[in-house]
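**Q** Pasting a structure below so you can have a look.
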Number of protein chains: 2
Amino acid sequence: MVRGLERGGAVAGSARVPPLVAQIADEVSDDIISGRFKPGERIREQDLADRFGTSRAPVREAIRLLEIEGLIETEHWRGARVVNLSVSQVEDLFEMISAIFGLVARLAARHGSRADFERFSAAVAEMQVRHDEGSPGRERVRASFEAARVLREACASPLAGEMLLKLSRLAFIHHRLVQAADDAWQLEALEHWRRLAGAVQGRSDDESEVLARRIIKQTEIFTVTQLRDAERTASAQPSKPKPRTRPQRTAAALAG
Amino acid sequence: MVRGLERGGAVAGSARVPPLVAQIADEVSDDIISGRFKPGERIREQDLADRFGTSRAPVREAIRLLEIEGLIETEHWRGARVVNLSVSQVEDLFEMISAIFGLVARLAARHGSRADFERFSAAVAEMQVRHDEGSPGRERVRASFEAARVLREACASPLAGEMLLKLSRLAFIHHRLVQAADDAWQLEALEHWRRLAGAVQGRSDDESEVLARRIIKQTEIFTVTQLRDAERTASAQPSKPKPRTRPQRTAAALAG
DNA sequence: GATTGCAATATTGTCGACAATTCATCGTAT
DNA sequence: ATACGATGAATTGTCGACAATATTGCAATC
């Protein structure tokens, strides 16, 4: 299971919520992030209520929480679905992530403590080890998440950190980086992270921002390429003549 | 009434919601933004249910929506409150707004159409007229909101636009810019906006970002100064010996 | 007199049932 | 055969009542 890739309780920690609601939200959140619920997939209240042995009331609360997280979107009398971004929306999303991750790196370089720098270097070193060992993709992704987490904490901006995490999750569910990233790609990423660690440690904020944005850019190119490929193969061989998925949601509401 | 300062239906437009829930969310949203509900004030479900003549169910949904908007935060078995940021949290918030508004200005300079530029110049001109006429503060703020709205639309990034609007609302409820901004302050702001219009129209994206961030910085200084003053006078003459407001929420959850 | 434990109250959390609405299907008319 | 409208099934929205929990006030104790 990929459970725990990004701290089991993604929701429970943010605002104290009733145990039932927290459990439902956490498990469904894991289902979405780990890909068991796919983008665009419909989520029925009664199904979740049956699965957790509760009434629909706490399920509805949990769905609202996941909407806050940005993982789900609901529509009037049409129910909830896992967010499903178009390619241009994903590009928009990455532009945003780039700006915020750049800010986080800049702030970390400016405000980070010696201990923060050491933890960050250790996290990057861990990424290197995972790569050299040939660890499974899941482990390597977990290591990179840990590095990002350290950076978020070092930047001393809870708001920027939370937003970055939220948007990163949103981007994460739209690619299969875990399975599909080849060795050359990962070596390039490692090089970026190493240089970022150096820049942050040297307190050069401009350089940190540039390097951070470069990491995001690399991931964006990977993701968009993958999405375009998937789109092409999907349209070339339409398995279902009647497309169950509707036209493409406007989803300007995903800003939450 | 300040109602309509920022487009009556702040919530209803984002995602289609049931009419009852939309009405409740919109009205409460107006109450918060216009200051009838003050930061930190508690919001009881039954009160709202009585006020709108419904049961508590739609009220709960509305509260979740407002939590998505970031105007309200709830705690386990403790209910909902209007967000109440500390000074350092407000500073954090402005850092974020600065980054995003800078991005929006940059994107607007890059992607804006001729028509966008004209609407933006017109909006800035309207600000000037409002100032020269000595219009009430409400009208002048409305004009500046309009200018910001045009810029958000011109940047062609729905995500950045939505986030900026959300964070701006959050900042707005923490100052009394409408009443307290003096003439010198407004002249300086006007100058910034004018120069920003020129930069955007000239498609100089770097300059646009710098000028946009300068506008935010000016507002940040105003807001923080005002908050610090209020804090000092409040602690100097504590009207209530038993402070009803609790220690200061952690509110890392306001990232939503 | 201050503090701690307990009880009463207020408020939110959860439940099951019913109403409102949408979507899919089927029948009918053109 | 196709287009249009009614009908029924599936799903979400709303309701009122009850359960669980936090807060408040009081009393007993140190």
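If you're wondering about the labels, chains in the structure tokens are A, B, ... by order shown, residues count from 1 in each chain, ligands from 1 in order shown.
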Need the shell around DT11 (chain D): protein/DNA/RNA residues with any atom at most 9 Å away, counting only C-alpha atoms (C1' of nucleotides). Skip same-chain ones fewer than 2 positions apart. Format as a PyMOL selection string?
**A** (chain A and resi 44-46+77-79) or (chain C and resi 21-22)
**Q** Could those selected residues go to a file with N, CA and C atoms (P, O5', C5', C4', C3', O3' and C1' of nucleotides), as a PDB file, in the first residue's frame?
**A**
```
ATOM      1  N   ARG A  44     -19.926   8.072  -4.114  1.00  0.00           N
ATOM      2  CA  ARG A  44     -21.309   8.083  -3.620  1.00  0.00           C
ATOM      3  C   ARG A  44     -21.340   8.055  -2.106  1.00  0.00           C
ATOM      4  N   GLU A  45     -22.214   8.870  -1.573  1.00  0.00           N
ATOM      5  CA  GLU A  45     -22.289   8.997  -0.119  1.00  0.00           C
ATOM      6  C   GLU A  45     -22.670   7.673   0.523  1.00  0.00           C
ATOM      7  N   GLN A  46     -23.673   7.011  -0.053  1.00  0.00           N
ATOM      8  CA  GLN A  46     -24.159   5.778   0.547  1.00  0.00           C
ATOM      9  C   GLN A  46     -23.074   4.699   0.545  1.00  0.00           C
ATOM     10  N   TRP A  77     -26.657  18.474  -6.565  1.00  0.00           N
ATOM     11  CA  TRP A  77     -27.488  17.322  -6.901  1.00  0.00           C
ATOM     12  C   TRP A  77     -26.834  16.404  -7.915  1.00  0.00           C
ATOM     13  N   ARG A  78     -25.502  16.501  -8.018  1.00  0.00           N
ATOM     14  CA  ARG A  78     -24.809  15.637  -8.961  1.00  0.00           C
ATOM     15  C   ARG A  78     -23.713  14.866  -8.249  1.00  0.00           C
ATOM     16  N   GLY A  79     -23.493  15.189  -6.998  1.00  0.00           N
ATOM     17  CA  GLY A  79     -22.574  14.388  -6.217  1.00  0.00           C
ATOM     18  C   GLY A  79     -21.128  14.822  -6.294  1.00  0.00           C
TER      19      GLY A  79
ATOM     20  P    DT C  21     -36.856  20.932  -6.314  1.00  0.00           P
ATOM     21  O5'  DT C  21     -35.851  20.093  -7.211  1.00  0.00           O
ATOM     22  C5'  DT C  21     -34.481  20.051  -6.824  1.00  0.00           C
ATOM     23  C4'  DT C  21     -33.754  18.969  -7.590  1.00  0.00           C
ATOM     24  C3'  DT C  21     -33.959  19.013  -9.102  1.00  0.00           C
ATOM     25  O3'  DT C  21     -32.745  19.443  -9.687  1.00  0.00           O
ATOM     26  C1'  DT C  21     -33.983  16.778  -8.233  1.00  0.00           C
ATOM     27  P    DT C  22     -32.637  19.597 -11.293  1.00  0.00           P
ATOM     28  O5'  DT C  22     -31.831  18.274 -11.701  1.00  0.00           O
ATOM     29  C5'  DT C  22     -30.629  17.951 -11.005  1.00  0.00           C
ATOM     30  C4'  DT C  22     -30.220  16.529 -11.347  1.00  0.00           C
ATOM     31  C3'  DT C  22     -30.050  16.266 -12.843  1.00  0.00           C
ATOM     32  O3'  DT C  22     -28.771  15.699 -13.087  1.00  0.00           O
ATOM     33  C1'  DT C  22     -31.432  14.610 -11.856  1.00  0.00           C
TER      34       DT C  22
END
```
**Q** Among region 30-235 of chain B, which ones does DSSP assign to helix (DSSP H, G or I) (computed from the backbone)? Answer as a ChimeraX atom specification.
**A** /B:30-33,45-52,56-69,87-111,114-133,137-154,158-172,177-180,183-201,205-235
**Q** If you count only C-alpha atoms (C1' of nucleotides), which residues fall within 7 Å of Glu73 (chain B), apart from same-chain ones fewer than 4 positions away, as a list of chain:residue names?
**A**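 Within the cut-off, the hits are B:Glu67, B:Ala80, B:Arg81, B:Val82, B:Val83.
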**Q** Using only C-alpha atoms (C1' of nucleotides), can you tell me which of C:DC26, C:DA20, C:DA10, C:DA2 comes closest to DG13 (chain D)?
**A** C:DA20
**Q** When you get a sec, could you note down which chain B residues fall within 10 Å of chain D, using only C-alpha atoms (C1' of nucleotides), as a list in words?
**A**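 Per the criterion, chain B yields Pro18, Leu20, Val21, Thr54, Ser55, Arg56, Ala57, Pro58, His76, Trp77 and Arg78 of chain B.
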**Q** Can I get the selection written as a CSV table (one decimal), in the first residue's frame, with C-alpha atoms?
**A**
```csv
chain,number,residue,atom,x,y,z
B,18,PRO,CA,-28.1,24.1,-3.4
B,20,LEU,CA,-30.6,27.2,0.5
B,21,VAL,CA,-27.0,26.6,1.3
B,54,THR,CA,-34.2,26.1,8.2
B,55,SER,CA,-32.9,23.2,10.0
B,56,ARG,CA,-29.2,22.9,11.0
B,57,ALA,CA,-28.3,20.6,8.1
B,58,PRO,CA,-28.0,23.3,5.4
B,76,HIS,CA,-14.1,19.6,17.2
B,77,TRP,CA,-17.2,20.1,19.4
B,78,ARG,CA,-16.2,23.7,19.8
```
**Q** Please identify every residue of chain C that has at least one atom no more than 12 Å from any atom of chain A, counting only C-alpha atoms (C1' of nucleotides), and report them as a list in words.
**A**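 That gives DT12, DG13, DT14, DC15, DG16, DA17, DA20, DT21, DT22 and DC23 of chain C for chain C.
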**Q** Can you tell me how far CA of Val210 (chain B) sits from CA of Lys166 (chain A), in Å to one decimal?
**A** 26.7 Å
**Q** Counting only C-alpha atoms, what are the residues of region 144-212 of chain A within 12 Å of region 118-134 of chain A, and for each of them which pair of atoms is the nearest and at what distance in Å, to one decimal? Sort the table by chain and rising number, as a Markdown table.
**A**
```
| residue | atom | partner | partner_atom | distance |
| --- | --- | --- | --- | --- |
| A:Ser144 | CA | A:Met127 | CA | 6.2 |
| A:Phe145 | CA | A:Ala123 | CA | 9.1 |
| A:Glu146 | CA | A:Ala123 | CA | 6.4 |
| A:Ala147 | CA | A:Ala123 | CA | 5.0 |
| A:Ala148 | CA | A:Phe120 | CA | 8.4 |
| A:Arg149 | CA | A:Phe120 | CA | 9.0 |
| A:Val150 | CA | A:Phe120 | CA | 5.9 |
| A:Leu151 | CA | A:Phe120 | CA | 6.7 |
| A:Arg152 | CA | A:Phe120 | CA | 10.2 |
| A:Glu153 | CA | A:Phe120 | CA | 10.1 |
| A:Ala154 | CA | A:Phe120 | CA | 8.8 |
| A:Cys155 | CA | A:Phe120 | CA | 11.6 |
| A:Ala181 | CA | A:His131 | CA | 11.8 |
| A:Asp182 | CA | A:His131 | CA | 11.1 |
| A:Asp183 | CA | A:His131 | CA | 8.7 |
| A:Ala184 | CA | A:His131 | CA | 11.2 |
| A:Trp185 | CA | A:His131 | CA | 11.5 |
| A:Gln186 | CA | A:His131 | CA | 8.0 |
| A:Leu187 | CA | A:His131 | CA | 8.4 |
| A:Glu188 | CA | A:Gln128 | CA | 11.5 |
| A:Ala189 | CA | A:Met127 | CA | 10.0 |
| A:Leu190 | CA | A:Gln128 | CA | 6.9 |
| A:Glu191 | CA | A:Gln128 | CA | 9.5 |
| A:His192 | CA | A:Val124 | CA | 10.1 |
| A:Trp193 | CA | A:Val124 | CA | 6.6 |
| A:Arg194 | CA | A:Val124 | CA | 6.6 |
| A:Arg195 | CA | A:Val124 | CA | 10.0 |
| A:Leu196 | CA | A:Ser121 | CA | 9.5 |
| A:Ala197 | CA | A:Ser121 | CA | 6.0 |
| A:Gly198 | CA | A:Ser121 | CA | 8.4 |
| A:Ala199 | CA | A:Ser121 | CA | 11.1 |
| A:Val200 | CA | A:Phe120 | CA | 9.2 |
| A:Gln201 | CA | A:Glu118 | CA | 8.6 |
```
**Q** Could you write out, as a ChimeraX atom specification, all the residues of region 41-218 of chain B that DSSP marks as strand (DSSP E or B)?
**A** /B:42-43,72-75,79-82
**Q** Include C-alpha atoms and write out the residues we just selected as a short mmCIF file (atom, residue, chain, number, x, y, z; two decimals), in the first residue's frame.
**A**
```
data_model
loop_
_atom_site.label_atom_id
_atom_site.label_comp_id
_atom_site.auth_asym_id
_atom_site.auth_seq_id
_atom_site.Cartn_x
_atom_site.Cartn_y
_atom_site.Cartn_z
CA ARG B 42 -18.39 32.67 17.37
CA ILE B 43 -21.00 31.40 14.93
CA ILE B 72 -14.31 30.51 9.08
CA GLU B 73 -12.53 27.87 11.09
CA THR B 74 -14.14 25.14 13.12
CA GLU B 75 -12.93 22.97 15.93
CA GLY B 79 -18.02 25.17 16.89
CA ALA B 80 -17.19 27.72 14.23
CA ARG B 81 -15.57 31.12 14.49
CA VAL B 82 -14.64 33.87 12.10
#
```
**Q** Could you work out how far CA of Asp26 (chain B) lies from CA of Met96 (chain B), giving the answer in Å with one decimal?
**A** 25.3 Å
**Q** Considering only C-alpha atoms, can you say which of A:Ile32, A:Leu66, A:Ala108, A:Leu159 comes closest to chain B?
**A**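 Using only C-alpha atoms, the shortest distance to chain B belongs to A:Leu159.
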**Q** Name the closest residue to chain A among the candidates B:Phe94, B:Met163, B:Arg60, B:Ser135; distances are taken between atoms, counting only C-alpha atoms.
**A**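 Closest to chain A of all the choices is B:Met163.
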